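Take a look at the structure below.
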Amino acid sequence: MDISNINSLEQFTETVVWMCEQAKTALCFAHGGPADAPPVMLWLGENAWGETDLEIVALRMPSNDDPEFTAPRILAGALQDGFVEFGKPKCVAFVSEAFMKMASSEKEVEDFVRGDLQRRFQDASDLSVVEIISVYAFSPSETMHRVITVKYNDNGMPEFGRHDEEGNQATRGAIADVVEQFRVLLNVG
């Protein structure tokens, strides 16, 4: 894949979405059915020779039971390590598999308890909960969030869809907060 022509956050994000779909399909094929991937961070920057370089870093799986290994903490550590190892990025994407439900009210969002969506999905108690691949991408100047919905066909292979955020609906939550804090640090100086 030629990454040298990627010159915008939108191009980067769409490339990452395509890579995610290809990787999920290959993973499910190798496992003979549905399989989960660990979160990854993709870091687009320049190498020592001034060439565009893409680093892909597999991250630890988050845990609902251990507060030290939540996705936001894992991402915060990975961003710090990435900056030290790879320098200032052009773009970064955090990719994770998760579950999603459209909230019917602000109260529903406020009452959310970590792990609820996974439990509801697994026991089929709430059919509005869907499996997703979240691609949260950013550059020093902007952010972009793409949500890939995942359903499995009768052969256990993934079928992908898109969930588009309405209007200027901003992604909220701990991951968005970690990214915003890192972007502020990138823009200091």
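Every chain in the structure tokens takes a letter, A first, then B, and so on in the order presented; its residues are numbered from 1, and the ligands are numbered from 1 following the presented order.
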Next item on the list: Tell me which protein, DNA and RNA residues are within 10 Å of Gly161 in chain A, counting only C-alpha atoms, leaving out same-chain ones fewer than 2 positions away, and put them as a ChimeraX atom specification.
Entry: /A:132,147-151,158-159,163-164
For C-alpha atoms, I'd like the residues from the last selection saved as a compact mmCIF listing (two decimals), in the first residue's frame.
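Final output, out.txt:
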```txt
# COMPACT_ATOMS: atom_id res chain seq x y z
CA ILE A 132 -18.57 -2.01 15.89
CA VAL A 147 -17.82 3.76 13.08
CA ILE A 148 -17.91 0.50 11.13
CA THR A 149 -20.81 -1.74 12.09
CA VAL A 150 -20.13 -5.47 12.01
CA LYS A 151 -22.62 -8.28 11.43
CA PRO A 158 -18.11 -10.16 8.73
CA GLU A 159 -20.35 -7.86 6.76
CA HIS A 163 -22.78 4.59 11.18
CA ASP A 164 -22.52 8.26 10.36
```
Notebook entry, point to check: What lies within 6 Å of range 53-65 of chain A using only C-alpha atoms, ignoring chain neighbours under 2 positions off, as a list in words?
Noted result: Pro38, Pro39, Val40, Met41, Leu42, Trp43, Leu44, Gly45, Glu46, Asn47, Phe69, Thr70 and Ala71 of chain A
Sorted by chain and rising residue number, list the residues of range 32-58 of chain A at most 9 Å from range 20-28 of chain A (counting only C-alpha atoms), each with its closest atom pair and distance in Å to one decimal, as a tab-separated table.
```
residue	atom	partner	partner_atom	distance
A:Gly32	CA	A:Cys28	CA	5.9
A:Gly33	CA	A:Cys28	CA	4.9
A:Pro34	CA	A:Cys28	CA	5.2
A:Ala35	CA	A:Cys28	CA	5.3
A:Asp36	CA	A:Leu27	CA	8.0
A:Ala37	CA	A:Lys24	CA	7.4
```
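The interatomic distance for the pair CA of Leu79 in chain A and CA of Phe182 in chain A works out to 7.5 Å.
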Next item on the list: Determine which residues of range 9-173 of chain A DSSP labels as helix (DSSP H, G or I) from the backbone of this structure, then write them out as a PyMOL selection string.
Entry: chain A and resi 9-31+67-69+71-86+106-110+116-122
I need the residues from that last selection saved to file as a compact mmCIF listing (two decimals), in the first residue's frame (with N, CA and C atoms), if you can.
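Generated output (out.txt):
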```txt
# COMPACT_ATOMS: atom_id res chain seq x y z
N LEU A 9 -6.32 14.26 6.82
CA LEU A 9 -6.86 13.37 7.84
C LEU A 9 -7.96 12.49 7.25
N GLU A 10 -8.76 13.04 6.36
CA GLU A 10 -9.83 12.25 5.76
C GLU A 10 -9.28 11.09 4.94
N GLN A 11 -8.24 11.32 4.13
CA GLN A 11 -7.62 10.24 3.36
C GLN A 11 -7.04 9.18 4.30
N PHE A 12 -6.36 9.62 5.34
CA PHE A 12 -5.78 8.71 6.31
C PHE A 12 -6.87 7.87 6.95
N THR A 13 -7.95 8.50 7.40
CA THR A 13 -9.03 7.80 8.09
C THR A 13 -9.69 6.78 7.17
N GLU A 14 -9.96 7.15 5.94
CA GLU A 14 -10.59 6.20 5.00
C GLU A 14 -9.65 5.04 4.68
N THR A 15 -8.36 5.29 4.63
CA THR A 15 -7.39 4.22 4.42
C THR A 15 -7.40 3.27 5.61
N VAL A 16 -7.45 3.81 6.82
CA VAL A 16 -7.50 2.99 8.03
C VAL A 16 -8.79 2.17 8.07
N VAL A 17 -9.91 2.76 7.71
CA VAL A 17 -11.18 2.03 7.66
C VAL A 17 -11.06 0.84 6.71
N TRP A 18 -10.53 1.06 5.53
CA TRP A 18 -10.34 -0.02 4.56
C TRP A 18 -9.43 -1.11 5.14
N MET A 19 -8.33 -0.72 5.78
CA MET A 19 -7.41 -1.68 6.39
C MET A 19 -8.11 -2.50 7.47
N CYS A 20 -8.95 -1.85 8.26
CA CYS A 20 -9.68 -2.54 9.34
C CYS A 20 -10.61 -3.61 8.77
N GLU A 21 -11.32 -3.28 7.73
CA GLU A 21 -12.23 -4.24 7.12
C GLU A 21 -11.47 -5.44 6.55
N GLN A 22 -10.34 -5.17 5.91
CA GLN A 22 -9.53 -6.25 5.36
C GLN A 22 -8.97 -7.14 6.47
N ALA A 23 -8.48 -6.51 7.54
CA ALA A 23 -7.89 -7.26 8.65
C ALA A 23 -8.95 -8.09 9.39
N LYS A 24 -10.13 -7.53 9.62
CA LYS A 24 -11.20 -8.25 10.31
C LYS A 24 -11.64 -9.45 9.48
N THR A 25 -11.76 -9.28 8.18
CA THR A 25 -12.15 -10.38 7.30
C THR A 25 -11.10 -11.48 7.35
N ALA A 26 -9.82 -11.13 7.27
CA ALA A 26 -8.74 -12.13 7.30
C ALA A 26 -8.71 -12.84 8.65
N LEU A 27 -8.91 -12.11 9.74
CA LEU A 27 -8.91 -12.71 11.08
C LEU A 27 -10.06 -13.71 11.22
N CYS A 28 -11.24 -13.34 10.79
CA CYS A 28 -12.39 -14.24 10.89
C CYS A 28 -12.20 -15.46 9.99
N PHE A 29 -11.63 -15.26 8.81
CA PHE A 29 -11.37 -16.38 7.91
C PHE A 29 -10.39 -17.35 8.57
N ALA A 30 -9.32 -16.82 9.17
CA ALA A 30 -8.31 -17.66 9.81
C ALA A 30 -8.88 -18.43 11.00
N HIS A 31 -9.85 -17.84 11.69
CA HIS A 31 -10.45 -18.48 12.87
C HIS A 31 -11.70 -19.31 12.52
N PRO A 67 -9.16 -1.49 36.48
CA PRO A 67 -9.16 -0.07 36.11
C PRO A 67 -7.83 0.42 35.53
N GLU A 68 -6.77 -0.33 35.71
CA GLU A 68 -5.48 0.05 35.14
C GLU A 68 -5.44 -0.21 33.64
N PHE A 69 -6.31 -1.08 33.15
CA PHE A 69 -6.26 -1.46 31.74
C PHE A 69 -7.55 -1.14 31.01
N ALA A 71 -9.44 1.17 28.07
CA ALA A 71 -9.01 1.67 26.77
C ALA A 71 -8.41 3.08 26.85
N PRO A 72 -9.00 4.02 27.61
CA PRO A 72 -8.39 5.35 27.67
C PRO A 72 -6.97 5.34 28.27
N ARG A 73 -6.75 4.55 29.30
CA ARG A 73 -5.40 4.47 29.90
C ARG A 73 -4.41 3.82 28.95
N ILE A 74 -4.86 2.77 28.27
CA ILE A 74 -3.98 2.10 27.30
C ILE A 74 -3.62 3.08 26.19
N LEU A 75 -4.60 3.83 25.68
CA LEU A 75 -4.33 4.80 24.63
C LEU A 75 -3.41 5.91 25.11
N ALA A 76 -3.63 6.44 26.29
CA ALA A 76 -2.78 7.52 26.81
C ALA A 76 -1.32 7.07 26.87
N GLY A 77 -1.08 5.88 27.36
CA GLY A 77 0.29 5.36 27.41
C GLY A 77 0.88 5.14 26.03
N ALA A 78 0.06 4.63 25.11
CA ALA A 78 0.53 4.38 23.74
C ALA A 78 0.88 5.69 23.02
N LEU A 79 0.09 6.73 23.24
CA LEU A 79 0.39 8.03 22.62
C LEU A 79 1.70 8.60 23.15
N GLN A 80 1.92 8.50 24.44
CA GLN A 80 3.18 8.98 25.01
C GLN A 80 4.35 8.20 24.43
N ASP A 81 4.22 6.87 24.42
CA ASP A 81 5.29 6.03 23.88
C ASP A 81 5.51 6.30 22.40
N GLY A 82 4.42 6.48 21.65
CA GLY A 82 4.53 6.75 20.22
C GLY A 82 5.24 8.05 19.94
N PHE A 83 4.95 9.08 20.73
CA PHE A 83 5.61 10.37 20.53
C PHE A 83 7.11 10.24 20.77
N VAL A 84 7.49 9.51 21.82
CA VAL A 84 8.91 9.32 22.13
C VAL A 84 9.60 8.53 21.02
N GLU A 85 8.94 7.47 20.55
CA GLU A 85 9.57 6.59 19.57
C GLU A 85 9.50 7.10 18.13
N PHE A 86 8.36 7.71 17.74
CA PHE A 86 8.15 8.07 16.34
C PHE A 86 8.16 9.56 16.06
N GLU A 106 -30.26 11.90 27.23
CA GLU A 106 -29.03 12.26 27.95
C GLU A 106 -28.92 11.44 29.24
N LYS A 107 -30.05 11.17 29.86
CA LYS A 107 -30.06 10.38 31.10
C LYS A 107 -29.50 8.98 30.86
N GLU A 108 -29.86 8.38 29.73
CA GLU A 108 -29.34 7.05 29.40
C GLU A 108 -27.82 7.07 29.29
N VAL A 109 -27.28 8.13 28.72
CA VAL A 109 -25.82 8.27 28.61
C VAL A 109 -25.22 8.41 30.01
N GLU A 110 -25.83 9.24 30.85
CA GLU A 110 -25.31 9.46 32.20
C GLU A 110 -25.37 8.19 33.05
N ASP A 116 -21.84 -2.76 30.31
CA ASP A 116 -23.27 -3.02 30.08
C ASP A 116 -23.57 -3.43 28.65
N LEU A 117 -23.01 -2.70 27.70
CA LEU A 117 -23.33 -2.98 26.30
C LEU A 117 -22.84 -4.36 25.89
N GLN A 118 -21.66 -4.75 26.34
CA GLN A 118 -21.15 -6.08 26.02
C GLN A 118 -22.07 -7.16 26.59
N ARG A 119 -22.49 -6.99 27.83
CA ARG A 119 -23.40 -7.96 28.45
C ARG A 119 -24.73 -8.02 27.68
N ARG A 120 -25.27 -6.87 27.35
CA ARG A 120 -26.56 -6.84 26.63
C ARG A 120 -26.45 -7.49 25.26
N PHE A 121 -25.30 -7.27 24.59
CA PHE A 121 -25.09 -7.86 23.27
C PHE A 121 -24.97 -9.38 23.38
N GLN A 122 -24.17 -9.84 24.34
CA GLN A 122 -23.91 -11.28 24.46
C GLN A 122 -25.12 -12.07 24.91
```
Next item on the list: Do a neighbour search on Met100 in chain A at 8 Å with only C-alpha atoms, toss out local chain neighbours closer than 2 positions, and write the hits as JSON, numbers by chain.
Entry: {"A": [98, 102, 117, 129, 130, 131, 132]}
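The closest residue to Phe99 in chain A, picked from A:Ser128, A:Ser8, A:Gln181, A:His145 and counting only C-alpha atoms, is A:Ser128.
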